[in-house]
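Reproduced below: query-v6.txt, with compact mmCIF, C-alpha atoms and all ligand atoms.
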# COMPACT_ATOMS: atom_id res chain seq x y z
CA MET A 800 0.65 4.78 -45.56
CA SER A 801 -1.45 3.21 -42.85
CA LEU A 802 -3.71 5.14 -40.47
CA GLY A 803 -5.00 3.70 -37.21
CA ILE A 804 -8.38 4.22 -35.58
CA LEU A 805 -8.42 3.42 -31.86
CA ALA A 806 -11.05 0.68 -31.78
CA LEU A 807 -11.98 0.30 -28.12
CA GLN A 808 -15.37 2.03 -28.23
CA GLY A 809 -17.21 4.60 -30.30
CA ALA A 810 -17.90 5.62 -33.90
CA LEU A 811 -15.44 3.77 -36.12
CA GLN A 812 -16.87 2.70 -39.49
CA PRO A 813 -17.66 6.16 -40.92
CA HIS A 814 -13.99 7.16 -40.40
CA ARG A 815 -12.85 4.00 -42.13
CA GLN A 816 -15.14 4.64 -45.11
CA LYS A 817 -13.91 8.19 -45.61
CA LEU A 818 -10.23 7.32 -45.24
CA THR A 819 -10.52 4.29 -47.50
CA ALA A 820 -12.20 6.47 -50.15
CA LEU A 821 -9.19 8.80 -49.89
CA GLY A 822 -6.95 5.86 -50.78
CA VAL A 823 -5.20 5.15 -47.48
CA ASP A 824 -4.96 1.87 -45.59
CA VAL A 825 -6.94 1.86 -42.36
CA VAL A 826 -6.33 -0.35 -39.34
CA PHE A 827 -8.53 -0.68 -36.26
CA VAL A 828 -5.92 -0.62 -33.49
CA ARG A 829 -6.22 -2.13 -30.01
CA THR A 830 -2.64 -2.88 -28.96
CA ALA A 831 0.55 -0.88 -28.44
CA GLY A 832 2.21 -2.73 -31.33
CA GLU A 833 -0.65 -1.95 -33.71
CA ILE A 834 -0.57 1.73 -32.71
CA SER A 835 3.16 2.15 -33.18
CA ALA A 836 2.97 0.61 -36.68
CA CYS A 837 0.68 3.43 -37.90
CA ASP A 838 1.53 6.75 -39.53
CA GLY A 839 -1.35 8.60 -37.88
CA LEU A 840 -4.00 7.85 -35.26
CA ILE A 841 -7.65 8.83 -34.83
CA LEU A 842 -9.11 8.90 -31.33
CA PRO A 843 -12.81 8.61 -32.21
CA GLY A 844 -15.93 9.94 -30.55
CA GLY A 845 -17.62 7.89 -27.86
CA GLU A 846 -17.60 8.42 -24.12
CA SER A 847 -14.33 9.84 -22.88
CA SER A 848 -14.33 8.42 -19.34
CA THR A 849 -15.12 4.94 -20.71
CA LEU A 850 -12.44 5.35 -23.37
CA LEU A 851 -9.91 6.41 -20.74
CA ASN A 852 -10.77 3.37 -18.60
CA LEU A 853 -10.32 1.08 -21.60
CA ILE A 854 -7.06 2.80 -22.60
CA ASP A 855 -5.72 2.14 -19.10
CA HIS A 856 -7.14 -1.38 -18.99
CA TYR A 857 -5.23 -2.26 -22.17
CA ARG A 858 -2.17 -0.23 -21.03
CA LEU A 859 -2.31 2.06 -24.02
CA ARG A 860 -1.81 5.43 -22.30
CA ASP A 861 1.99 5.55 -22.58
CA PRO A 862 2.02 4.10 -26.14
CA ILE A 863 -0.47 6.75 -27.33
CA VAL A 864 1.48 9.58 -25.65
CA ALA A 865 4.73 8.25 -27.14
CA PHE A 866 3.09 7.97 -30.58
CA ALA A 867 1.80 11.55 -30.36
CA ALA A 868 5.30 12.88 -29.70
CA SER A 869 6.29 12.27 -33.30
CA ARG A 870 3.18 11.47 -35.34
CA PRO A 871 -0.20 13.07 -36.02
CA VAL A 872 -3.21 12.35 -33.81
CA TRP A 873 -6.77 13.56 -34.48
CA GLY A 874 -9.21 13.56 -31.58
CA VAL A 875 -12.92 13.66 -32.40
CA CYS A 876 -15.32 14.78 -29.65
CA ALA A 877 -14.55 12.30 -26.83
CA GLY A 878 -11.15 11.89 -28.54
CA ALA A 879 -10.67 15.66 -28.30
CA ILE A 880 -11.43 15.46 -24.57
CA LEU A 881 -8.75 12.77 -24.22
CA MET A 882 -6.19 15.01 -25.96
CA ALA A 883 -6.73 17.99 -23.64
CA GLU A 884 -4.36 18.97 -20.87
CA ARG A 885 -7.30 19.73 -18.54
CA VAL A 886 -10.89 18.49 -18.48
CA GLU A 887 -13.81 20.02 -16.57
CA ASN A 888 -17.48 19.16 -15.88
CA PRO A 889 -16.53 16.85 -14.27
CA SER A 890 -12.77 17.00 -14.13
CA GLN A 891 -11.07 13.81 -15.25
CA GLU A 892 -7.63 12.67 -16.28
CA SER A 893 -6.56 12.93 -19.88
CA LEU A 894 -3.57 12.32 -22.13
CA GLY A 895 -2.37 15.94 -22.12
CA LEU A 896 -1.42 16.09 -25.79
CA ILE A 897 -2.65 19.64 -26.44
CA PRO A 898 -2.36 22.72 -24.20
CA MET A 899 -6.09 23.34 -23.88
CA THR A 900 -8.89 23.01 -21.33
CA VAL A 901 -12.09 21.28 -22.39
CA ARG A 902 -15.55 21.35 -20.80
CA ARG A 903 -17.48 18.14 -21.28
CA ASN A 904 -21.12 18.07 -22.38
CA ALA A 905 -21.01 21.81 -22.85
CA TYR A 906 -24.18 22.00 -24.97
CA GLY A 907 -26.37 19.86 -22.71
CA ARG A 908 -27.66 16.32 -22.82
CA GLN A 909 -27.65 13.74 -25.59
CA ASN A 910 -31.09 14.82 -26.86
CA GLU A 911 -29.81 18.39 -27.16
CA SER A 912 -27.33 17.26 -29.81
CA PHE A 913 -27.57 19.30 -33.01
CA ILE A 914 -26.37 19.91 -36.55
CA ALA A 915 -25.14 23.44 -37.31
CA PRO A 916 -22.86 25.25 -39.72
CA VAL A 917 -19.32 25.96 -38.56
CA VAL A 918 -17.06 28.56 -40.15
CA PHE A 919 -13.57 27.95 -41.50
CA ARG A 920 -11.52 31.10 -42.19
CA ASP A 921 -8.47 31.25 -44.41
CA ALA A 922 -5.48 33.52 -43.81
CA GLY A 923 -7.35 36.34 -45.57
CA SER A 924 -10.96 37.15 -44.80
CA ALA A 925 -12.63 34.39 -46.84
CA LYS A 926 -15.08 32.21 -44.90
CA THR A 927 -16.31 28.72 -45.70
CA GLU A 928 -19.27 27.19 -43.90
CA ARG A 929 -19.50 23.45 -43.34
CA GLU A 930 -22.21 21.31 -41.75
CA ALA A 931 -21.13 19.93 -38.38
CA VAL A 932 -22.74 17.22 -36.26
CA PHE A 933 -22.42 17.92 -32.52
CA ILE A 934 -23.28 14.95 -30.28
CA ARG A 935 -23.19 15.79 -26.59
CA ALA A 936 -20.14 17.78 -27.55
CA PRO A 937 -17.49 19.42 -25.39
CA SER A 938 -16.37 23.02 -25.74
CA ILE A 939 -12.81 24.29 -25.68
CA ILE A 940 -12.71 26.96 -23.04
CA ARG A 941 -8.98 27.80 -22.96
CA PHE A 942 -6.05 27.09 -25.23
CA ALA A 943 -2.45 28.21 -25.64
CA SER A 944 -1.54 30.72 -28.33
CA SER A 945 0.40 27.96 -30.09
CA VAL A 946 -2.93 26.24 -30.86
CA GLN A 947 -4.49 27.36 -34.15
CA VAL A 948 -8.27 27.68 -34.53
CA LEU A 949 -9.39 26.20 -37.86
CA ALA A 950 -13.16 26.59 -37.41
CA ASP A 951 -15.63 28.10 -34.96
CA HIS A 952 -19.31 27.92 -34.11
CA HIS A 953 -20.70 31.29 -33.01
CA GLY A 954 -17.15 32.28 -32.07
CA ASP A 955 -16.41 29.13 -30.05
CA PRO A 956 -13.45 27.12 -31.42
CA VAL A 957 -14.62 23.72 -32.70
CA ALA A 958 -11.70 22.61 -34.89
CA LEU A 959 -8.10 23.16 -33.84
CA ARG A 960 -4.64 22.34 -35.00
CA TYR A 961 -1.54 21.95 -32.83
CA GLY A 962 1.55 20.98 -34.83
CA SER A 963 0.40 17.92 -36.77
CA HIS A 964 -2.44 17.17 -34.32
CA LEU A 965 -6.08 17.97 -35.00
CA VAL A 966 -9.08 18.33 -32.72
CA THR A 967 -12.76 18.57 -33.64
CA THR A 968 -15.48 18.85 -31.04
CA TYR A 969 -17.95 17.71 -33.73
CA HIS A 970 -18.03 14.62 -35.96
CA PRO A 971 -16.77 15.28 -39.53
CA GLU A 972 -17.13 11.54 -40.25
CA LEU A 973 -20.94 11.94 -40.07
CA SER A 974 -21.25 14.65 -42.75
CA ALA A 975 -20.91 14.30 -46.52
CA SER A 976 -17.70 16.31 -46.89
CA ASP A 977 -14.40 14.43 -46.71
CA GLU A 978 -12.30 17.61 -46.44
CA PHE A 979 -11.33 17.21 -42.80
CA HIS A 980 -10.24 13.62 -43.35
CA ALA A 981 -8.25 14.83 -46.37
CA LEU A 982 -6.57 17.43 -44.16
CA PHE A 983 -5.59 14.75 -41.63
CA VAL A 984 -4.30 12.48 -44.41
CA SER A 985 -2.16 15.32 -45.78
CA LEU A 986 -0.69 16.00 -42.30
CA CYS A 987 0.13 12.29 -41.97
CA ARG A 988 1.72 12.20 -45.44
CA GLU A 989 3.76 15.27 -44.53
CA ALA A 990 4.94 13.58 -41.30
CA VAL A 991 5.98 10.47 -43.27
CA THR A 992 8.09 12.47 -45.73
CA ASN A 993 9.29 15.00 -43.15
CA PRO A 994 9.31 13.32 -39.71
CA ALA A 995 10.25 16.60 -38.01
CA SER A 996 6.74 17.88 -38.84
CA GLY A 997 5.03 15.10 -36.85
CA GLY A 998 3.82 15.34 -33.28
CA GLY A 999 2.35 18.26 -31.44
CA ARG A 1000 5.05 20.84 -31.81
CA PRO A 1001 3.61 24.15 -32.88
CA ASP A 1002 5.44 24.86 -36.11
CA GLU A 1003 4.81 28.33 -37.41
CA VAL A 1004 6.58 27.51 -40.66
CA MET A 1005 4.35 24.55 -41.57
CA ALA A 1006 1.25 25.84 -43.36
CA THR A 1007 -2.08 24.04 -43.12
CA PRO A 1008 -2.38 22.00 -46.32
CA ASN A 1009 -5.37 22.69 -48.55
N1 LIG A 1101 -20.10 13.50 -24.11
C1 LIG A 1101 -19.02 12.61 -24.42
C2 LIG A 1101 -17.93 12.73 -23.35
O1 LIG A 1101 -17.93 13.63 -22.56
C3 LIG A 1101 -18.44 12.87 -25.82
C4 LIG A 1101 -19.50 12.61 -26.87
C5 LIG A 1101 -18.97 12.27 -28.24
O2 LIG A 1101 -17.86 11.79 -28.43
N2 LIG A 1101 -19.83 12.41 -29.22
O3 LIG A 1101 -17.07 11.92 -23.32

Serialized structure, structure tokens:
Amino acid sequence: MSLGILALQGALQPHRQKLTALGVDVVFVRTAGEISACDGLILPGGESSTLLNLIDHYRLRDPIVAFAASRPVWGVCAGAILMAERVENPSQESLGLIPMTVRRNAYGRQNESFIAPVVFRDAGSAKTEREAVFIRAPSIIRFASSVQVLADHHGDPVALRYGSHLVTTYHPELSASDEFHALFVSLCREAVTNPASGGGRPDEVMATPN
């Protein structure tokens, strides 16, 4: 299995290290052909308006949208902004992969970035806290009921799942835990063995892998 990291701008190496440690092949992708050869794609953190300009410059918008129709995509911070249907503060275009509205720079300026615990809840009442690095992060202010909240920070959703797609407003690649990368790898493996599970369809039957 080969996972792509969109390598136009932003934080790339920490993702590669975590995925490589999990035993998957990692490719830095910059062309439509490289993207379509992957089994999953990470849209990394960075600066979303710059990323969008570069995506359009290299004519990657349609290839990414086509990829996301049948395979898993994980958007991290700026990548999450790109995946939204609507973006505010200021409003900008996006790829529209997930029915949610995102507010950019919701916690203030770069020097107001912070590290805080976020809470994952299982189907019962058990809670697990994980360290999360927020860097000039967005917040998710609206989302469809078909979008599942995986983790929150003071009640605000910060990690979401939509079909096989994932969104984090923080940077799991910058903390010690590799659990979120392992979750993405398992969704990609599932989509390889069962192609119907790929893409952004909300699938009530498909449980979140441990
Ligand atoms: N503030 C950036 C934006 O709005 C995102 C920052 C990040 O990816 N860490 O695009």

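For range 951-953 of chain A, the non-local neighbours within 9 Å, defined as residues at least 3 positions apart in the same chain or in other chains and counting all atoms listed in the file, are A:Ala915, A:Pro916, A:Val917, A:Val918, A:Phe919, A:Arg920, A:Val948, A:Pro956, A:Val957, A:Ala958.
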
Produce as a count of residues only the set of residues near ligand LIG 1101 (chain A), where near means within 10 Å with all atoms listed in the file considered.
44

Counting all atoms listed in the file, figure out which residue out of A:Ile914, A:Val864, A:Leu853, A:Leu894 gets nearest to Leu807 in chain A.
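Going through A:Ile914, A:Val864, A:Leu853, A:Leu894 one by one, the smallest distance to Leu807 in chain A is for A:Leu853.
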
Of A:Asn852, A:Ser996, A:Ser976, A:Thr830, the one sitting nearest Lys817 in chain A when using only C-alpha atoms is A:Ser976

Nearest residue to Ser835 in chain A out of A:Ser801, A:Ser974, A:Ser944, A:Gln816, using only C-alpha atoms?
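For Ser835 in chain A, the nearest of the candidates is A:Ser801.
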
Among listed residues A:Val946, A:Ala820, A:Ala831, A:Ile897, nearest Asp855 in chain A (using all atoms listed in the file)
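Counting all atoms listed in the file, the residue closest to Asp855 in chain A is A:Ala831.
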
For a cut-off of 12 Å around (-6.5, 7.7, -53.5), file coordinates, pick out all residues using all atoms listed in the file and list them as a PDB file with C-alpha atoms, in the frame of the given file.
ATOM      1  CA  MET A 800       0.650   4.780 -45.560  1.00  0.00           C
ATOM      2  CA  LYS A 817     -13.910   8.190 -45.610  1.00  0.00           C
ATOM      3  CA  LEU A 818     -10.230   7.320 -45.240  1.00  0.00           C
ATOM      4  CA  THR A 819     -10.520   4.290 -47.500  1.00  0.00           C
ATOM      5  CA  ALA A 820     -12.200   6.470 -50.150  1.00  0.00           C
ATOM      6  CA  LEU A 821      -9.190   8.800 -49.890  1.00  0.00           C
ATOM      7  CA  GLY A 822      -6.950   5.860 -50.780  1.00  0.00           C
ATOM      8  CA  VAL A 823      -5.200   5.150 -47.480  1.00  0.00           C
ATOM      9  CA  ASP A 824      -4.960   1.870 -45.590  1.00  0.00           C
ATOM     10  CA  ALA A 981      -8.250  14.830 -46.370  1.00  0.00           C
ATOM     11  CA  VAL A 984      -4.300  12.480 -44.410  1.00  0.00           C
ATOM     12  CA  SER A 985      -2.160  15.320 -45.780  1.00  0.00           C
TER      13      SER A 985
END

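Among the candidate residues A:Asp838, A:Glu928, A:Asp861, A:Asp921, the one lying nearest to Gln947 in chain A is A:Asp921, with distances computed using only C-alpha atoms.
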
For range 848-861 of chain A, I'd like the enclosing box, axis-aligned and padded by 6 Å on every side, reported as AutoDock Vina command-line options with centre and edge lengths in Å to one decimal.
--center_x -6.6 --center_y 3.1 --center_z -21.3 --size_x 29.1 --size_y 22.7 --size_z 17.4

Exercise: Ala868 in chain A partners within 8 Å, only C-alpha atoms, chain neighbours under 3 positions left out, as a short mmCIF file (atom, residue, chain, number, x, y, z; two decimals) with C-alpha atoms, keeping the file's coordinate frame:
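Now in around_37.cif:
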data_model
loop_
_atom_site.label_atom_id
_atom_site.label_comp_id
_atom_site.auth_asym_id
_atom_site.auth_seq_id
_atom_site.Cartn_x
_atom_site.Cartn_y
_atom_site.Cartn_z
CA VAL A 864 1.48 9.58 -25.65
CA ALA A 865 4.73 8.25 -27.14
CA GLY A 997 5.03 15.10 -36.85
CA GLY A 998 3.82 15.34 -33.28
CA GLY A 999 2.35 18.26 -31.44
#

Identify which of the residues A:Val826, A:Ile804, A:Ile834, A:Leu959 lies closest to Leu859 in chain A, counting all atoms listed in the file when measuring atom-to-atom distances.
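Of A:Val826, A:Ile804, A:Ile834, A:Leu959, the one nearest Leu859 in chain A is A:Ile834, counting all atoms listed in the file.
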
Could you check how far CA of Leu986 in chain A sits from CA of Cys837 in chain A, in Å to one decimal?
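CA of Leu986 in chain A sits 13.4 Å away from CA of Cys837 in chain A.
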
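For the pair CA of Ala995 in chain A and CA of Ser869 in chain A, the interatomic distance is 7.5 Å.
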
One decimal, in Å: what's the spacing between CA of Thr927 in chain A and CA of His980 in chain A?
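If I compute the distance from CA of Thr927 in chain A to CA of His980 in chain A, I get 16.4 Å.
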
Since the input has fewer atoms than a full residue there, write range 976-998 of chain A out with N, CA and C atoms, as a PDB file, keeping the file's coordinate frame.
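The result, stored in out.pdb:
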ATOM      1  N   SER A 976     -19.014  15.835 -46.465  1.00  0.00           N
ATOM      2  CA  SER A 976     -17.700  16.310 -46.890  1.00  0.00           C
ATOM      3  C   SER A 976     -16.578  15.402 -46.350  1.00  0.00           C
ATOM      4  N   ASP A 977     -15.556  15.197 -47.197  1.00  0.00           N
ATOM      5  CA  ASP A 977     -14.400  14.430 -46.710  1.00  0.00           C
ATOM      6  C   ASP A 977     -13.193  15.347 -46.483  1.00  0.00           C
ATOM      7  N   GLU A 978     -13.433  16.662 -46.489  1.00  0.00           N
ATOM      8  CA  GLU A 978     -12.300  17.610 -46.440  1.00  0.00           C
ATOM      9  C   GLU A 978     -11.466  17.466 -45.173  1.00  0.00           C
ATOM     10  N   PHE A 979     -12.119  17.261 -44.035  1.00  0.00           N
ATOM     11  CA  PHE A 979     -11.330  17.210 -42.800  1.00  0.00           C
ATOM     12  C   PHE A 979     -10.482  15.946 -42.755  1.00  0.00           C
ATOM     13  N   HIS A 980     -11.046  14.845 -43.258  1.00  0.00           N
ATOM     14  CA  HIS A 980     -10.240  13.620 -43.350  1.00  0.00           C
ATOM     15  C   HIS A 980      -9.074  13.826 -44.312  1.00  0.00           C
ATOM     16  N   ALA A 981      -9.333  14.556 -45.408  1.00  0.00           N
ATOM     17  CA  ALA A 981      -8.250  14.830 -46.370  1.00  0.00           C
ATOM     18  C   ALA A 981      -7.159  15.677 -45.722  1.00  0.00           C
ATOM     19  N   LEU A 982      -7.567  16.616 -44.874  1.00  0.00           N
ATOM     20  CA  LEU A 982      -6.570  17.430 -44.160  1.00  0.00           C
ATOM     21  C   LEU A 982      -5.708  16.536 -43.264  1.00  0.00           C
ATOM     22  N   PHE A 983      -6.358  15.631 -42.527  1.00  0.00           N
ATOM     23  CA  PHE A 983      -5.590  14.750 -41.630  1.00  0.00           C
ATOM     24  C   PHE A 983      -4.645  13.861 -42.447  1.00  0.00           C
ATOM     25  N   VAL A 984      -5.146  13.330 -43.560  1.00  0.00           N
ATOM     26  CA  VAL A 984      -4.300  12.480 -44.410  1.00  0.00           C
ATOM     27  C   VAL A 984      -3.081  13.280 -44.888  1.00  0.00           C
ATOM     28  N   SER A 985      -3.297  14.539 -45.273  1.00  0.00           N
ATOM     29  CA  SER A 985      -2.160  15.320 -45.780  1.00  0.00           C
ATOM     30  C   SER A 985      -1.154  15.601 -44.661  1.00  0.00           C
ATOM     31  N   LEU A 986      -1.628  15.812 -43.423  1.00  0.00           N
ATOM     32  CA  LEU A 986      -0.690  16.000 -42.300  1.00  0.00           C
ATOM     33  C   LEU A 986       0.099  14.721 -42.037  1.00  0.00           C
ATOM     34  N   CYS A 987      -0.559  13.575 -42.183  1.00  0.00           N
ATOM     35  CA  CYS A 987       0.130  12.290 -41.970  1.00  0.00           C
ATOM     36  C   CYS A 987       1.153  12.043 -43.068  1.00  0.00           C
ATOM     37  N   ARG A 988       0.769  12.348 -44.321  1.00  0.00           N
ATOM     38  CA  ARG A 988       1.720  12.200 -45.440  1.00  0.00           C
ATOM     39  C   ARG A 988       2.939  13.088 -45.201  1.00  0.00           C
ATOM     40  N   GLU A 989       2.679  14.321 -44.788  1.00  0.00           N
ATOM     41  CA  GLU A 989       3.760  15.270 -44.530  1.00  0.00           C
ATOM     42  C   GLU A 989       4.698  14.711 -43.445  1.00  0.00           C
ATOM     43  N   ALA A 990       4.113  14.102 -42.397  1.00  0.00           N
ATOM     44  CA  ALA A 990       4.940  13.580 -41.300  1.00  0.00           C
ATOM     45  C   ALA A 990       5.747  12.357 -41.743  1.00  0.00           C
ATOM     46  N   VAL A 991       5.221  11.610 -42.747  1.00  0.00           N
ATOM     47  CA  VAL A 991       5.980  10.470 -43.270  1.00  0.00           C
ATOM     48  C   VAL A 991       7.187  10.982 -44.049  1.00  0.00           C
ATOM     49  N   THR A 992       6.969  11.984 -44.910  1.00  0.00           N
ATOM     50  CA  THR A 992       8.090  12.470 -45.730  1.00  0.00           C
ATOM     51  C   THR A 992       9.030  13.368 -44.926  1.00  0.00           C
ATOM     52  N   ASN A 993       8.480  14.077 -43.945  1.00  0.00           N
ATOM     53  CA  ASN A 993       9.290  15.000 -43.150  1.00  0.00           C
ATOM     54  C   ASN A 993       8.994  14.747 -41.674  1.00  0.00           C
ATOM     55  N   PRO A 994       9.659  13.732 -41.080  1.00  0.00           N
ATOM     56  CA  PRO A 994       9.310  13.320 -39.710  1.00  0.00           C
ATOM     57  C   PRO A 994       9.364  14.457 -38.697  1.00  0.00           C
ATOM     58  N   ALA A 995      10.169  15.484 -38.966  1.00  0.00           N
ATOM     59  CA  ALA A 995      10.250  16.600 -38.010  1.00  0.00           C
ATOM     60  C   ALA A 995       8.920  17.343 -37.890  1.00  0.00           C
ATOM     61  N   SER A 996       8.027  17.162 -38.889  1.00  0.00           N
ATOM     62  CA  SER A 996       6.740  17.880 -38.840  1.00  0.00           C
ATOM     63  C   SER A 996       5.704  17.131 -38.002  1.00  0.00           C
ATOM     64  N   GLY A 997       6.010  15.887 -37.605  1.00  0.00           N
ATOM     65  CA  GLY A 997       5.030  15.100 -36.850  1.00  0.00           C
ATOM     66  C   GLY A 997       4.931  15.565 -35.410  1.00  0.00           C
ATOM     67  N   GLY A 998       3.968  15.009 -34.696  1.00  0.00           N
ATOM     68  CA  GLY A 998       3.820  15.340 -33.280  1.00  0.00           C
ATOM     69  C   GLY A 998       3.121  16.656 -33.067  1.00  0.00           C
TER      70      GLY A 998
END
